[in-house]
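Since the structure comes first, as structure tokens, the remarks are kept for the end.
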Amino acid sequence: MGKRKKLYPKAEDELDSLKQEAAEELNLDDDIEKRGWENMTTREVGKIGGNMVKKMIKFAEKEIDERDGKIDEED
């Protein structure tokens, strides 16, 4: 499977930062440092991903609220 083209390449660093933040909140950052991402269990990585999704949904809801329900405005 090929790599997916990123719609917003600048967001990659921010998503990595969000992933690290989620790992820290779940107290998994030490495990990642010791074992590396490639040796994390599916369950652990899933928890981090789920936490990231919750944060992104919260962010999107706030943005939608601030834009009075309009989601197609360009910044």
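Labels for the structure tokens follow display order: chains A, B, ..., residues from 1 in each chain, ligands from 1.
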Item checked: Nearby residues (only C-alpha atoms) at most 8 Å from range 42-52 of chain A, same-chain spacing under 2 positions excluded, as a PyMOL selection string -> chain A and resi 18-19+22-23+26+28+40+54-56
Please return as a PDB file with N, CA and C atoms, in the first residue's frame: the residues of chain A that backbone DSSP assigns to alpha helix (DSSP H).
ATOM      1  N   ALA A  11       0.495  20.352   8.872  1.00  0.00           N
ATOM      2  CA  ALA A  11      -0.174  19.838  10.065  1.00  0.00           C
ATOM      3  C   ALA A  11       0.530  18.611  10.644  1.00  0.00           C
ATOM      4  N   GLU A  12       1.438  18.012   9.897  1.00  0.00           N
ATOM      5  CA  GLU A  12       2.094  16.785  10.353  1.00  0.00           C
ATOM      6  C   GLU A  12       2.793  16.966  11.700  1.00  0.00           C
ATOM      7  N   ASP A  13       3.529  18.057  11.859  1.00  0.00           N
ATOM      8  CA  ASP A  13       4.214  18.313  13.129  1.00  0.00           C
ATOM      9  C   ASP A  13       3.216  18.504  14.265  1.00  0.00           C
ATOM     10  N   GLU A  14       2.120  19.187  13.993  1.00  0.00           N
ATOM     11  CA  GLU A  14       1.107  19.416  15.013  1.00  0.00           C
ATOM     12  C   GLU A  14       0.440  18.104  15.427  1.00  0.00           C
ATOM     13  N   LEU A  15       0.206  17.220  14.460  1.00  0.00           N
ATOM     14  CA  LEU A  15      -0.379  15.924  14.783  1.00  0.00           C
ATOM     15  C   LEU A  15       0.593  15.066  15.590  1.00  0.00           C
ATOM     16  N   ASP A  16       1.869  15.136  15.269  1.00  0.00           N
ATOM     17  CA  ASP A  16       2.872  14.422  16.064  1.00  0.00           C
ATOM     18  C   ASP A  16       2.898  14.945  17.492  1.00  0.00           C
ATOM     19  N   SER A  17       2.772  16.251  17.625  1.00  0.00           N
ATOM     20  CA  SER A  17       2.730  16.864  18.950  1.00  0.00           C
ATOM     21  C   SER A  17       1.486  16.422  19.714  1.00  0.00           C
ATOM     22  N   LEU A  18       0.365  16.367  19.030  1.00  0.00           N
ATOM     23  CA  LEU A  18      -0.882  15.907  19.641  1.00  0.00           C
ATOM     24  C   LEU A  18      -0.763  14.446  20.066  1.00  0.00           C
ATOM     25  N   LYS A  19      -0.115  13.636  19.241  1.00  0.00           N
ATOM     26  CA  LYS A  19       0.087  12.218  19.568  1.00  0.00           C
ATOM     27  C   LYS A  19       0.928  12.088  20.831  1.00  0.00           C
ATOM     28  N   GLN A  20       1.983  12.886  20.941  1.00  0.00           N
ATOM     29  CA  GLN A  20       2.836  12.847  22.134  1.00  0.00           C
ATOM     30  C   GLN A  20       2.063  13.318  23.365  1.00  0.00           C
ATOM     31  N   GLU A  21       1.266  14.356  23.208  1.00  0.00           N
ATOM     32  CA  GLU A  21       0.450  14.868  24.310  1.00  0.00           C
ATOM     33  C   GLU A  21      -0.529  13.799  24.805  1.00  0.00           C
ATOM     34  N   ALA A  22      -1.166  13.111  23.877  1.00  0.00           N
ATOM     35  CA  ALA A  22      -2.110  12.056  24.237  1.00  0.00           C
ATOM     36  C   ALA A  22      -1.386  10.921  24.961  1.00  0.00           C
ATOM     37  N   ALA A  23      -0.203  10.562  24.489  1.00  0.00           N
ATOM     38  CA  ALA A  23       0.579   9.498  25.130  1.00  0.00           C
ATOM     39  C   ALA A  23       0.955   9.889  26.557  1.00  0.00           C
ATOM     40  N   GLU A  24       1.331  11.144  26.752  1.00  0.00           N
ATOM     41  CA  GLU A  24       1.683  11.620  28.090  1.00  0.00           C
ATOM     42  C   GLU A  24       0.483  11.567  29.026  1.00  0.00           C
ATOM     43  N   GLU A  25      -0.673  11.989  28.538  1.00  0.00           N
ATOM     44  CA  GLU A  25      -1.883  11.971  29.366  1.00  0.00           C
ATOM     45  C   GLU A  25      -2.275  10.558  29.778  1.00  0.00           C
ATOM     46  N   ASP A  29       4.094   7.661  27.687  1.00  0.00           N
ATOM     47  CA  ASP A  29       5.265   8.291  27.094  1.00  0.00           C
ATOM     48  C   ASP A  29       6.566   7.615  27.515  1.00  0.00           C
ATOM     49  N   ASP A  30       6.664   7.161  28.763  1.00  0.00           N
ATOM     50  CA  ASP A  30       7.868   6.456  29.200  1.00  0.00           C
ATOM     51  C   ASP A  30       8.019   5.122  28.469  1.00  0.00           C
ATOM     52  N   ASP A  31       6.898   4.426  28.266  1.00  0.00           N
ATOM     53  CA  ASP A  31       6.931   3.156  27.531  1.00  0.00           C
ATOM     54  C   ASP A  31       7.396   3.381  26.097  1.00  0.00           C
ATOM     55  N   ILE A  32       6.922   4.442  25.477  1.00  0.00           N
ATOM     56  CA  ILE A  32       7.315   4.748  24.095  1.00  0.00           C
ATOM     57  C   ILE A  32       8.811   5.043  24.044  1.00  0.00           C
ATOM     58  N   GLU A  33       9.277   5.790  25.026  1.00  0.00           N
ATOM     59  CA  GLU A  33      10.699   6.136  25.064  1.00  0.00           C
ATOM     60  C   GLU A  33      11.563   4.882  25.236  1.00  0.00           C
ATOM     61  N   LYS A  34      11.111   3.956  26.078  1.00  0.00           N
ATOM     62  CA  LYS A  34      11.881   2.730  26.337  1.00  0.00           C
ATOM     63  C   LYS A  34      11.798   1.739  25.184  1.00  0.00           C
ATOM     64  N   ARG A  35      10.595   1.510  24.670  1.00  0.00           N
ATOM     65  CA  ARG A  35      10.374   0.451  23.676  1.00  0.00           C
ATOM     66  C   ARG A  35      10.304   0.949  22.243  1.00  0.00           C
ATOM     67  N   THR A  42      -1.047  -2.973  20.069  1.00  0.00           N
ATOM     68  CA  THR A  42      -2.168  -2.404  19.335  1.00  0.00           C
ATOM     69  C   THR A  42      -3.104  -1.688  20.295  1.00  0.00           C
ATOM     70  N   ARG A  43      -3.304  -2.257  21.449  1.00  0.00           N
ATOM     71  CA  ARG A  43      -4.179  -1.648  22.463  1.00  0.00           C
ATOM     72  C   ARG A  43      -3.651  -0.283  22.908  1.00  0.00           C
ATOM     73  N   GLU A  44      -2.340  -0.207  23.172  1.00  0.00           N
ATOM     74  CA  GLU A  44      -1.738   1.050  23.610  1.00  0.00           C
ATOM     75  C   GLU A  44      -1.841   2.128  22.532  1.00  0.00           C
ATOM     76  N   VAL A  45      -1.504   1.757  21.319  1.00  0.00           N
ATOM     77  CA  VAL A  45      -1.559   2.714  20.213  1.00  0.00           C
ATOM     78  C   VAL A  45      -3.010   3.120  19.946  1.00  0.00           C
ATOM     79  N   GLY A  46      -3.927   2.173  20.093  1.00  0.00           N
ATOM     80  CA  GLY A  46      -5.349   2.484  19.926  1.00  0.00           C
ATOM     81  C   GLY A  46      -5.850   3.477  20.960  1.00  0.00           C
ATOM     82  N   LYS A  47      -5.378   3.345  22.185  1.00  0.00           N
ATOM     83  CA  LYS A  47      -5.763   4.298  23.235  1.00  0.00           C
ATOM     84  C   LYS A  47      -5.272   5.698  22.882  1.00  0.00           C
ATOM     85  N   ILE A  48      -4.058   5.774  22.396  1.00  0.00           N
ATOM     86  CA  ILE A  48      -3.496   7.074  22.018  1.00  0.00           C
ATOM     87  C   ILE A  48      -4.297   7.669  20.866  1.00  0.00           C
ATOM     88  N   GLY A  49      -4.582   6.855  19.859  1.00  0.00           N
ATOM     89  CA  GLY A  49      -5.366   7.331  18.716  1.00  0.00           C
ATOM     90  C   GLY A  49      -6.758   7.773  19.132  1.00  0.00           C
ATOM     91  N   GLY A  50      -7.386   7.018  20.010  1.00  0.00           N
ATOM     92  CA  GLY A  50      -8.717   7.387  20.498  1.00  0.00           C
ATOM     93  C   GLY A  50      -8.701   8.699  21.247  1.00  0.00           C
ATOM     94  N   ASN A  51      -7.659   8.905  22.045  1.00  0.00           N
ATOM     95  CA  ASN A  51      -7.516  10.153  22.789  1.00  0.00           C
ATOM     96  C   ASN A  51      -7.311  11.319  21.823  1.00  0.00           C
ATOM     97  N   MET A  52      -6.546  11.079  20.772  1.00  0.00           N
ATOM     98  CA  MET A  52      -6.334  12.123  19.762  1.00  0.00           C
ATOM     99  C   MET A  52      -7.649  12.493  19.080  1.00  0.00           C
ATOM    100  N   VAL A  53      -8.441  11.499  18.736  1.00  0.00           N
ATOM    101  CA  VAL A  53      -9.722  11.755  18.069  1.00  0.00           C
ATOM    102  C   VAL A  53     -10.631  12.578  18.976  1.00  0.00           C
ATOM    103  N   LYS A  54     -10.688  12.239  20.253  1.00  0.00           N
ATOM    104  CA  LYS A  54     -11.504  13.012  21.192  1.00  0.00           C
ATOM    105  C   LYS A  54     -11.080  14.472  21.208  1.00  0.00           C
ATOM    106  N   LYS A  55      -9.769  14.711  21.234  1.00  0.00           N
ATOM    107  CA  LYS A  55      -9.255  16.079  21.249  1.00  0.00           C
ATOM    108  C   LYS A  55      -9.580  16.816  19.941  1.00  0.00           C
ATOM    109  N   MET A  56      -9.472  16.106  18.814  1.00  0.00           N
ATOM    110  CA  MET A  56      -9.769  16.743  17.529  1.00  0.00           C
ATOM    111  C   MET A  56     -11.252  17.058  17.395  1.00  0.00           C
ATOM    112  N   ILE A  57     -12.104  16.182  17.908  1.00  0.00           N
ATOM    113  CA  ILE A  57     -13.543  16.451  17.877  1.00  0.00           C
ATOM    114  C   ILE A  57     -13.872  17.659  18.744  1.00  0.00           C
ATOM    115  N   LYS A  58     -13.270  17.720  19.923  1.00  0.00           N
ATOM    116  CA  LYS A  58     -13.499  18.870  20.815  1.00  0.00           C
ATOM    117  C   LYS A  58     -13.052  20.168  20.131  1.00  0.00           C
ATOM    118  N   PHE A  59     -11.907  20.121  19.464  1.00  0.00           N
ATOM    119  CA  PHE A  59     -11.400  21.285  18.744  1.00  0.00           C
ATOM    120  C   PHE A  59     -12.360  21.688  17.626  1.00  0.00           C
ATOM    121  N   ALA A  60     -12.821  20.695  16.852  1.00  0.00           N
ATOM    122  CA  ALA A  60     -13.727  20.975  15.741  1.00  0.00           C
ATOM    123  C   ALA A  60     -15.047  21.546  16.236  1.00  0.00           C
ATOM    124  N   GLU A  61     -15.572  20.999  17.320  1.00  0.00           N
ATOM    125  CA  GLU A  61     -16.826  21.523  17.874  1.00  0.00           C
ATOM    126  C   GLU A  61     -16.674  22.978  18.291  1.00  0.00           C
ATOM    127  N   LYS A  62     -15.544  23.301  18.890  1.00  0.00           N
ATOM    128  CA  LYS A  62     -15.294  24.689  19.308  1.00  0.00           C
ATOM    129  C   LYS A  62     -15.217  25.605  18.083  1.00  0.00           C
ATOM    130  N   GLU A  63     -14.508  25.162  17.048  1.00  0.00           N
ATOM    131  CA  GLU A  63     -14.392  25.957  15.826  1.00  0.00           C
ATOM    132  C   GLU A  63     -15.749  26.169  15.170  1.00  0.00           C
ATOM    133  N   ILE A  64     -16.549  25.119  15.093  1.00  0.00           N
ATOM    134  CA  ILE A  64     -17.877  25.229  14.494  1.00  0.00           C
ATOM    135  C   ILE A  64     -18.741  26.198  15.284  1.00  0.00           C
ATOM    136  N   ASP A  65     -18.643  26.119  16.606  1.00  0.00           N
ATOM    137  CA  ASP A  65     -19.406  27.029  17.456  1.00  0.00           C
ATOM    138  C   ASP A  65     -18.980  28.480  17.218  1.00  0.00           C
ATOM    139  N   GLU A  66     -17.671  28.699  17.117  1.00  0.00           N
ATOM    140  CA  GLU A  66     -17.161  30.051  16.900  1.00  0.00           C
ATOM    141  C   GLU A  66     -17.535  30.594  15.520  1.00  0.00           C
TER     142      GLU A  66
END
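In this structure, CA of Lys10 in chain A sits 25.4 Å away from CA of Gly69 in chain A.
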